Every structure is written in structure tokens, then in C-alpha cells.
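This is structure_15.txt (compact mmCIF, C-alpha atoms).
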```txt
# COMPACT_ATOMS: atom_id res chain seq x y z
CA MET A 35 0.00 0.00 0.00
CA ASP A 36 1.33 3.42 -1.01
CA ILE A 37 1.18 5.70 2.04
CA ILE A 38 1.18 9.51 1.90
CA PHE A 39 0.73 10.26 5.60
CA GLU A 40 1.36 8.33 8.79
CA ALA A 41 1.00 9.15 12.47
CA LYS A 42 2.57 6.76 14.96
CA HIS A 43 1.58 6.52 18.63
CA ILE A 44 0.47 10.14 18.96
CA THR A 45 -0.22 11.30 22.51
CA LYS A 46 -1.40 14.77 23.45
CA ARG A 47 -2.24 16.00 26.94
CA PHE A 48 -3.81 19.25 28.12
CA ALA A 49 -3.27 19.63 31.88
CA ALA A 50 -5.05 16.61 33.42
CA HIS A 51 -6.88 15.70 30.19
CA THR A 52 -5.46 13.26 27.63
CA ALA A 53 -6.84 14.25 24.23
CA LEU A 54 -5.02 11.49 22.31
CA ASN A 55 -3.56 8.30 23.74
CA ARG A 56 -1.05 6.56 21.44
CA VAL A 57 -3.20 6.99 18.33
CA SER A 58 -1.79 5.76 15.02
CA ILE A 59 -3.25 6.28 11.55
CA THR A 60 -2.04 5.32 8.08
CA VAL A 61 -3.49 7.25 5.13
CA PRO A 62 -3.15 5.59 1.70
CA ARG A 63 -2.31 7.84 -1.23
CA ASN A 64 -5.17 8.90 -3.56
CA SER A 65 -7.83 7.82 -1.09
CA ILE A 66 -10.56 9.45 0.97
CA PHE A 67 -9.81 8.63 4.59
CA GLY A 68 -12.58 9.09 7.15
CA LEU A 69 -11.45 10.34 10.56
CA LEU A 70 -14.48 9.59 12.72
CA GLY A 71 -15.55 9.82 16.33
CA PRO A 72 -18.06 11.45 18.69
CA ASN A 73 -17.62 14.99 19.99
CA GLY A 74 -14.57 15.26 22.24
CA ALA A 75 -12.99 12.06 20.93
CA GLY A 76 -9.74 13.77 19.88
CA LYS A 77 -10.26 14.18 16.11
CA THR A 78 -9.75 17.95 16.01
CA THR A 79 -6.65 17.66 18.18
CA LEU A 80 -5.15 15.15 15.73
CA ILE A 81 -6.04 17.39 12.78
CA ARG A 82 -4.38 20.36 14.45
CA ILE A 83 -1.25 18.27 15.04
CA ILE A 84 -1.16 17.20 11.37
CA ASN A 85 -1.38 20.88 10.39
CA GLN A 86 1.43 21.72 12.85
CA ILE A 87 -0.82 24.15 14.71
CA THR A 88 0.18 22.29 17.85
CA GLY A 89 2.65 19.48 18.49
CA PRO A 90 2.29 16.03 20.04
CA ASP A 91 3.71 15.20 23.44
CA GLU A 92 4.74 11.80 22.14
CA GLY A 93 4.83 10.04 18.79
CA SER A 94 5.99 10.67 15.22
CA LEU A 95 4.42 12.01 12.04
CA PHE A 96 5.49 11.34 8.44
CA PHE A 97 4.52 13.01 5.17
CA ASP A 98 5.38 11.15 1.99
CA GLY A 99 8.01 9.08 3.78
CA GLU A 100 9.71 12.05 5.49
CA ALA A 101 9.39 13.23 9.07
CA LEU A 102 6.76 15.99 9.06
CA LYS A 103 8.44 19.41 8.73
CA PRO A 104 7.16 23.02 8.49
CA HIS A 105 7.67 23.14 4.70
CA HIS A 106 5.19 20.29 4.23
CA ILE A 107 2.37 22.69 5.09
CA TYR A 108 2.51 23.94 1.48
CA ASN A 109 1.41 20.45 0.41
CA ILE A 110 -1.54 20.41 2.83
CA GLY A 111 -4.90 22.15 2.53
CA TYR A 112 -7.06 22.50 5.63
CA LEU A 113 -10.74 23.39 5.81
CA PRO A 114 -11.52 23.73 9.54
CA GLU A 115 -14.95 23.21 11.07
CA GLU A 116 -14.78 26.72 12.50
CA ARG A 117 -14.39 28.92 9.44
CA GLY A 118 -11.70 31.59 9.40
CA LEU A 119 -12.60 34.26 6.86
CA TYR A 120 -12.17 37.93 7.75
CA LYS A 121 -15.68 39.38 7.88
CA LYS A 122 -14.82 42.94 6.82
CA MET A 123 -12.65 42.06 3.83
CA LYS A 124 -13.99 41.74 0.31
CA VAL A 125 -14.29 38.18 -0.95
CA GLY A 126 -11.92 38.50 -3.92
CA GLU A 127 -9.32 40.48 -2.01
CA GLN A 128 -9.30 37.89 0.76
CA ALA A 129 -9.23 34.90 -1.55
CA LEU A 130 -6.24 36.38 -3.38
CA TYR A 131 -4.46 37.13 -0.09
CA LEU A 132 -4.95 33.58 1.23
CA ALA A 133 -3.83 32.10 -2.09
CA ARG A 134 -0.60 34.13 -1.95
CA LEU A 135 0.02 32.83 1.59
CA LYS A 136 -0.02 29.32 0.12
CA GLY A 137 2.83 30.24 -2.21
CA LEU A 138 0.96 31.07 -5.42
CA SER A 139 2.07 34.00 -7.55
CA LYS A 140 -0.48 36.76 -8.11
CA HIS A 141 -0.87 35.73 -11.74
CA ASP A 142 -1.43 32.04 -10.94
CA ALA A 143 -3.73 32.86 -8.04
CA MET A 144 -5.92 35.12 -10.17
CA SER A 145 -6.09 32.53 -12.94
CA LYS A 146 -7.15 29.75 -10.56
CA LEU A 147 -9.60 31.98 -8.70
CA ARG A 148 -11.30 33.00 -11.95
CA TYR A 149 -11.65 29.32 -12.84
CA TRP A 150 -13.12 28.25 -9.48
CA PHE A 151 -15.35 31.29 -9.02
CA GLY A 152 -16.75 30.54 -12.47
CA LYS A 153 -17.19 26.85 -11.74
CA PHE A 154 -19.07 27.60 -8.52
CA GLU A 155 -20.96 30.48 -10.22
CA ILE A 156 -19.91 33.04 -7.62
CA GLN A 157 -18.22 35.68 -9.81
CA ALA A 158 -20.71 38.29 -8.57
CA TRP A 159 -19.41 37.89 -5.00
CA TRP A 160 -15.89 39.14 -5.78
CA ASN A 161 -16.39 42.70 -4.45
CA ARG A 162 -18.82 41.85 -1.65
CA LYS A 163 -17.71 41.75 1.98
CA VAL A 164 -17.63 38.35 3.62
CA GLU A 165 -20.11 39.47 6.29
CA GLU A 166 -22.69 40.05 3.55
CA LEU A 167 -22.64 36.37 2.55
CA SER A 168 -24.68 33.52 3.96
CA LYS A 169 -22.92 30.73 5.81
CA GLY A 170 -23.17 28.52 2.72
CA MET A 171 -21.71 31.23 0.49
CA GLN A 172 -18.79 31.73 2.87
CA GLN A 173 -18.28 27.98 2.90
CA LYS A 174 -17.91 27.92 -0.89
CA VAL A 175 -15.25 30.63 -0.75
CA GLN A 176 -13.32 28.85 1.96
CA PHE A 177 -13.53 25.53 0.09
CA ILE A 178 -12.03 27.19 -2.98
CA VAL A 179 -9.21 28.79 -0.98
CA THR A 180 -8.45 25.42 0.65
CA ILE A 181 -7.95 23.55 -2.63
CA LEU A 182 -6.59 26.40 -4.78
CA HIS A 183 -2.88 25.58 -4.42
CA GLU A 184 -3.58 21.94 -5.37
CA PRO A 185 -2.08 20.32 -2.26
CA ARG A 186 -1.34 16.62 -2.21
CA LEU A 187 -3.14 16.20 1.14
CA LEU A 188 -6.48 17.86 1.90
CA ILE A 189 -8.13 17.87 5.32
CA PHE A 190 -11.85 18.64 5.43
CA ASP A 191 -13.48 19.00 8.86
CA GLU A 192 -17.30 18.93 8.44
CA PRO A 193 -17.07 20.38 4.89
CA PHE A 194 -20.85 20.28 4.26
CA SER A 195 -21.82 22.46 7.22
CA GLY A 196 -24.09 25.29 6.07
CA PHE A 197 -24.80 23.84 2.63
CA ASP A 198 -28.19 23.06 1.15
CA PRO A 199 -28.60 19.61 -0.53
CA ILE A 200 -27.74 20.97 -4.02
CA ASN A 201 -24.46 22.47 -2.84
CA VAL A 202 -23.69 19.37 -0.75
CA ASN A 203 -23.83 17.31 -3.93
CA LEU A 204 -21.72 19.89 -5.77
CA VAL A 205 -18.95 19.74 -3.15
CA LYS A 206 -19.15 15.92 -2.93
CA GLU A 207 -18.54 15.72 -6.66
CA GLU A 208 -15.54 18.06 -6.35
CA ILE A 209 -14.10 15.99 -3.50
CA LEU A 210 -14.34 12.85 -5.62
CA ASN A 211 -12.80 14.71 -8.58
CA LEU A 212 -9.91 15.88 -6.42
CA ARG A 213 -9.19 12.31 -5.35
CA ASP A 214 -9.42 11.05 -8.93
CA LYS A 215 -6.94 13.73 -10.01
CA GLY A 216 -4.38 12.58 -7.43
CA ALA A 217 -5.20 14.28 -4.12
CA THR A 218 -5.52 12.42 -0.84
CA ILE A 219 -8.28 13.54 1.52
CA ILE A 220 -8.73 13.21 5.28
CA PHE A 221 -12.43 13.68 5.84
CA SER A 222 -13.90 14.29 9.31
CA THR A 223 -17.66 14.28 9.73
CA HIS A 224 -20.54 13.09 11.90
CA ASN A 225 -22.62 12.31 8.82
CA MET A 226 -22.21 8.57 8.34
CA ALA A 227 -24.17 8.62 5.07
CA SER A 228 -21.42 10.82 3.61
CA VAL A 229 -18.83 8.37 4.90
CA GLU A 230 -20.56 5.55 3.02
CA GLU A 231 -20.69 7.62 -0.16
CA LEU A 232 -17.16 9.02 -0.12
CA CYS A 233 -14.70 7.18 2.09
CA ASP A 234 -12.35 4.39 1.06
CA TYR A 235 -10.89 3.90 4.56
CA ILE A 236 -11.84 4.95 8.09
CA THR A 237 -10.38 5.27 11.57
CA LEU A 238 -12.75 5.63 14.51
CA ILE A 239 -11.51 7.40 17.66
CA ASN A 240 -13.37 7.38 20.97
CA ARG A 241 -12.26 8.71 24.35
CA SER A 242 -8.84 9.65 22.91
CA GLU A 243 -8.08 6.14 21.58
CA LYS A 244 -8.42 4.41 18.23
CA ILE A 245 -11.05 1.68 18.44
CA LEU A 246 -11.66 0.74 14.80
CA GLU A 247 -9.87 1.04 11.44
CA GLY A 248 -9.84 -0.43 7.96
CA SER A 249 -11.37 -0.11 4.52
CA VAL A 250 -15.08 0.71 4.57
CA ARG A 251 -15.83 -2.56 2.81
CA ASP A 252 -13.83 -4.66 5.29
CA VAL A 253 -15.32 -2.87 8.30
CA LYS A 254 -18.87 -3.43 7.06
CA ASN A 255 -18.17 -7.09 6.32
CA THR A 256 -16.70 -7.55 9.81
CA TYR A 257 -19.94 -6.33 11.39
CA LYS A 258 -22.26 -8.48 9.27
CA SER A 259 -24.47 -10.81 11.32
CA ASN A 260 -25.34 -13.34 8.58
CA ILE A 261 -28.89 -12.04 8.22
CA TYR A 262 -30.77 -12.15 4.92
CA GLU A 263 -33.95 -10.34 3.98
CA VAL A 264 -36.40 -12.27 1.83
CA SER A 265 -39.69 -11.14 0.29
CA GLY A 266 -42.30 -12.90 -1.80
CA GLN A 267 -45.93 -13.87 -2.30
CA GLN A 268 -48.19 -16.90 -1.95
CA PHE A 269 -46.55 -17.89 1.31
CA SER A 270 -48.02 -20.99 2.92
CA GLY A 271 -47.41 -22.01 6.49
CA ALA A 272 -45.50 -20.24 9.27
CA TRP A 273 -41.87 -19.15 9.09
CA ASP A 274 -40.84 -21.24 12.09
CA SER A 275 -42.48 -24.34 10.65
CA VAL A 276 -40.94 -24.19 7.15
CA LEU A 277 -37.41 -23.25 8.19
CA PRO A 278 -34.87 -25.63 9.75
CA GLY A 279 -33.25 -24.85 13.09
CA SER A 280 -30.22 -23.24 11.44
CA MET A 281 -32.45 -20.45 10.07
CA ILE A 282 -34.02 -18.15 12.67
CA PRO A 283 -36.57 -15.43 11.71
CA VAL A 284 -35.64 -12.24 13.57
CA ARG A 285 -38.54 -10.18 12.17
CA THR A 286 -41.44 -10.82 9.81
CA SER A 287 -44.21 -8.78 8.23
CA THR A 288 -47.01 -9.01 5.67
CA ASP A 289 -48.18 -6.05 3.63
CA ASP A 290 -50.61 -6.27 0.66
CA ASN A 291 -49.95 -10.00 0.32
CA MET A 292 -46.17 -9.40 0.23
CA HIS A 293 -44.50 -11.52 2.90
CA LYS A 294 -41.16 -10.34 4.23
CA ALA A 295 -38.70 -11.71 6.78
CA ALA A 296 -35.20 -11.12 8.07
CA ILE A 297 -33.62 -14.49 8.77
CA ARG A 298 -30.37 -15.21 10.60
CA LEU A 299 -28.40 -18.17 9.28
CA SER A 300 -26.17 -20.22 11.54
CA GLY A 301 -23.82 -23.15 11.21
CA ASN A 302 -23.00 -23.97 7.60
CA ALA A 303 -26.29 -22.64 6.24
CA GLY A 304 -25.99 -20.28 3.28
CA PRO A 305 -28.32 -18.26 1.06
CA ASN A 306 -28.79 -21.20 -1.34
CA ASP A 307 -29.96 -23.34 1.57
CA LEU A 308 -32.41 -20.61 2.55
CA LEU A 309 -33.80 -20.49 -1.00
CA ALA A 310 -34.14 -24.28 -1.07
CA ALA A 311 -36.07 -24.25 2.20
CA LEU A 312 -38.47 -21.48 1.11
CA LEU A 313 -39.12 -22.23 -2.57
CA PRO A 314 -41.65 -25.02 -1.90
CA HIS A 315 -43.65 -22.59 0.26
CA MET A 316 -43.57 -19.22 -1.50
CA GLU A 317 -42.89 -17.32 -4.70
CA ILE A 318 -39.64 -15.48 -3.89
CA HIS A 319 -39.24 -11.96 -5.30
CA ALA A 320 -36.02 -10.87 -3.60
CA LEU A 321 -33.24 -12.15 -1.37
CA ASN A 322 -30.60 -9.75 -0.03
CA GLU A 323 -27.91 -9.94 2.60
CA VAL A 324 -28.28 -7.35 5.35
CA ILE A 325 -25.10 -5.24 5.46
CA PRO A 326 -24.85 -2.85 8.44
CA THR A 327 -24.62 0.86 7.70
CA MET A 328 -21.69 2.92 8.91
CA ASN A 329 -24.13 4.74 11.18
CA GLU A 330 -25.11 1.44 12.84
CA ILE A 331 -21.46 0.41 13.16
CA PHE A 332 -20.56 3.81 14.65
CA ILE A 333 -23.32 3.59 17.28
CA THR A 334 -22.57 -0.06 18.12
CA THR A 335 -18.79 0.36 18.37
CA VAL A 336 -18.78 3.62 20.32
CA GLY A 337 -21.52 2.34 22.64
CA GLN A 338 -19.67 -0.91 23.31
CA ASP A 339 -16.38 0.93 23.92
CA SER A 340 -18.07 3.31 26.37
CA ARG A 341 -19.69 0.42 28.26
CA GLU A 342 -16.36 -1.43 28.50
CA THR A 343 -14.63 1.72 29.76
CA LYS A 344 -17.26 2.21 32.47
CA THR A 345 -16.93 -1.45 33.54
CA GLU A 346 -13.15 -1.09 33.82
CA GLU A 347 -13.57 2.09 35.89
CA VAL A 348 -15.99 0.35 38.28
CA GLN A 349 -13.70 -2.66 38.66
CA ALA A 350 -10.73 -0.38 39.33
```
Do you think you could lay out the structure here as C-alpha cells?
Amino acid sequence: MDIIFEAKHITKRFAAHTALNRVSITVPRNSIFGLLGPNGAGKTTLIRIINQITGPDEGSLFFDGEALKPHHIYNIGYLPEERGLYKKMKVGEQALYLARLKGLSKHDAMSKLRYWFGKFEIQAWWNRKVEELSKGMQQKVQFIVTILHEPRLLIFDEPFSGFDPINVNLVKEEILNLRDKGATIIFSTHNMASVEELCDYITLINRSEKILEGSVRDVKNTYKSNIYEVSGQQFSGAWDSVLPGSMIPVRTSTDDNMHKAAIRLSGNAGPNDLLAALLPHMEIHALNEVIPTMNEIFITTVGQDSRETKTEEVQA
């Protein structure tokens, strides 16, 4: 696996509070990497460390195989959750200023700004003050400034905040385009539907520690419970009576003569065995494996970790 960024055993303390406890992440090149966790888990602290806004107390960070140094910041773009535009400045003036800070010449900055302002259809905002814009409008400007210098690593912290559904889709498409053109993206959000749509890999942090990591596909497969949903018509008999002991109905329903059930398979039973058991008793319309959503995995994993932590505290 080709790695663009790696953090090893990062620990960060603030007085008596440990924000990160030996957290390690590995970000593959040209991927969208979800950095997930509940509020207060330590995600923002890790992002600030990657951006060299603050430093770790322990651990090492590497960018493209080298120890992370100040000059690497020119290869990183950061869109923070708390936006940082100057309210009294004009949009174009500020965008140009921030682009120059990222090392672009005035000529290159103006050329790229004209392109992106045109693509996002915001040319008319150039001479307006930031304070005159809605939150969503400001978010578009900050998104453009973040990606303008074409960094190899982009960090988006809740990038869809303030956007309506149309603009959410617009920015999602641009994020995917950026990855396809060679950028790597660390993506932090509480919206698990966006994680499913966009992310190739995830790391889940809770209570300052990493509790889950892997590709989205592998994580979802790990949390499967071997349940299949079946639906059909002309069902005769009862589910318990037509199914063998290795197939347990966990929920059933009937609506307009359409019979549905979620059935857990155990032992060596597979979907073909389930079909063989049901075909003599019903006309099957659909059979699908139940794959957990990232939202369900998030709730289950964080909840279990919190319960285990409380048990350890009581035992101590």
C-alpha cells in the first residue's frame, strides 16, 4: 500500500486531560480517509497536530516518507470546522491574499480563482464583503481557498456544514474529482451517510483512543451478522415451521400479500440453503444480505467501547 501520511503513537495532553492516547493512523495515497468519532474524541486535536498548529507530546508524524516538517504545510490544505474568513474584507481580495500565503504568484492565483469562481458560479461575489454572505456562500469561498494551491493532502473537517442539498452534492462531486486527479483527503464528519458515499478507509476514535480502522468494505463485512432479507408472495405455512433450526426469523411482516422476513443463518447454512427451504412454500421476489450501515457500526462500536470503559472504571 502506497502511504502519503502516517501518524505513529500520537499522545497529546492538556493539563489533566489526555486528548489522544497513542493513536496511530495510516493514510493511503489517492484515497478518501474518514477520521471519525463522537464529539470530544480527539479528532480535532489530531487534525491540528497534522497541520502543525500544535505538536504532540509523544509520537511521530510522516509526510510522503519524510518526518513531518514546516515546509510540508505547502502540500496540505485544511478546511476547519470553524471557518476563518475575515468578515470585513472583500471576498476577492481575501481569496487572493490567502492564495498568496499558500505560495501562489499573483498571476497564478488570479487565474485559478477565476476558474473556481466561475465553476461555482460566484463571480458576482468578488467585491462583496464576507459578512454580507450567507454561511453557505462563505463555505464555498473557503472551500475554494483550501484547494486552490492543489495540495497533495487535503483535510476537510465537516465540509458540508451550512450547505443546502444541491451544494452538498456539488462539493461531494468536487471531493471525488480531487481524489481522482491525485489528491488524498482526510475527511472528518458526523454524517455517516457521507462516509458511506465518499470514504475508502476509516479510523474511529473514541475517548482519545483508536477503536476501529480499515477499509469501509472490510469494516462493514466484519460487522455483518449473517442475516438475509427475503420477500415474496403466496406464502403458505408459518416461518418457524418451514425453516430448519439453522435459520431463525428475527422479524417478519405481511403487507398487501407481500410476505417479508429477516432471517439469521447459523452453522454452515448459506443463502442457497435458505432459498431451497423457502421455494416449496412461497414465490420469492427478492433475497438480499443485510449489510450494516456505517451509522449502525458507529453507534454499536462507540456504545460498546463506552460500556467497556465504564466497567473497567468500576472494577478499578
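Pairwise distance (CA of His141 in chain A, CA of Ala158 in chain A) equals 20.3 Å.
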* If you measure from CA of Gly279 in chain A to CA of Tyr257 in chain A, what distance in Å do you get, rounded to one decimal? ->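 Computed distance, CA of Gly279 in chain A to CA of Tyr257 in chain A, equals 22.9 Å.
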Find the residues near Glu184 in chain A: any atom within 12 Å, counting all atoms listed in the file, skip ones fewer than 4 places away on the same chain, and give them as a PDB file with C-alpha atoms, in the frame of the given file.
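Wrote it out as out_3.pdb, contents follow:
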```pdb
ATOM      1  CA  TYR A 108       2.510  23.940   1.480  1.00  0.00           C
ATOM      2  CA  ASN A 109       1.410  20.450   0.410  1.00  0.00           C
ATOM      3  CA  ILE A 110      -1.540  20.410   2.830  1.00  0.00           C
ATOM      4  CA  GLY A 111      -4.900  22.150   2.530  1.00  0.00           C
ATOM      5  CA  TYR A 112      -7.060  22.500   5.630  1.00  0.00           C
ATOM      6  CA  ALA A 133      -3.830  32.100  -2.090  1.00  0.00           C
ATOM      7  CA  LYS A 136      -0.020  29.320   0.120  1.00  0.00           C
ATOM      8  CA  GLY A 137       2.830  30.240  -2.210  1.00  0.00           C
ATOM      9  CA  LEU A 138       0.960  31.070  -5.420  1.00  0.00           C
ATOM     10  CA  ASP A 142      -1.430  32.040 -10.940  1.00  0.00           C
ATOM     11  CA  ALA A 143      -3.730  32.860  -8.040  1.00  0.00           C
ATOM     12  CA  LYS A 146      -7.150  29.750 -10.560  1.00  0.00           C
ATOM     13  CA  PHE A 177     -13.530  25.530   0.090  1.00  0.00           C
ATOM     14  CA  ILE A 178     -12.030  27.190  -2.980  1.00  0.00           C
ATOM     15  CA  VAL A 179      -9.210  28.790  -0.980  1.00  0.00           C
ATOM     16  CA  THR A 180      -8.450  25.420   0.650  1.00  0.00           C
ATOM     17  CA  LEU A 188      -6.480  17.860   1.900  1.00  0.00           C
ATOM     18  CA  LEU A 212      -9.910  15.880  -6.420  1.00  0.00           C
ATOM     19  CA  ARG A 213      -9.190  12.310  -5.350  1.00  0.00           C
ATOM     20  CA  LYS A 215      -6.940  13.730 -10.010  1.00  0.00           C
ATOM     21  CA  GLY A 216      -4.380  12.580  -7.430  1.00  0.00           C
ATOM     22  CA  ALA A 217      -5.200  14.280  -4.120  1.00  0.00           C
ATOM     23  CA  THR A 218      -5.520  12.420  -0.840  1.00  0.00           C
ATOM     24  CA  ILE A 219      -8.280  13.540   1.520  1.00  0.00           C
TER      25      ILE A 219
END
```
* For CA of Ala295 in chain A and CA of Ser270 in chain A, the interatomic separation in Å (one decimal) ->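 One can read the CA of Ala295 in chain A to CA of Ser270 in chain A distance as 13.7 Å.
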* **Residues within 9 Å of range 92-98 of chain A, all atoms listed in the file, excluding chain neighbours under 2 positions, as a PyMOL selection string** => chain A and resi 37-46+56-58+63+83-84+89-90+100-103+106
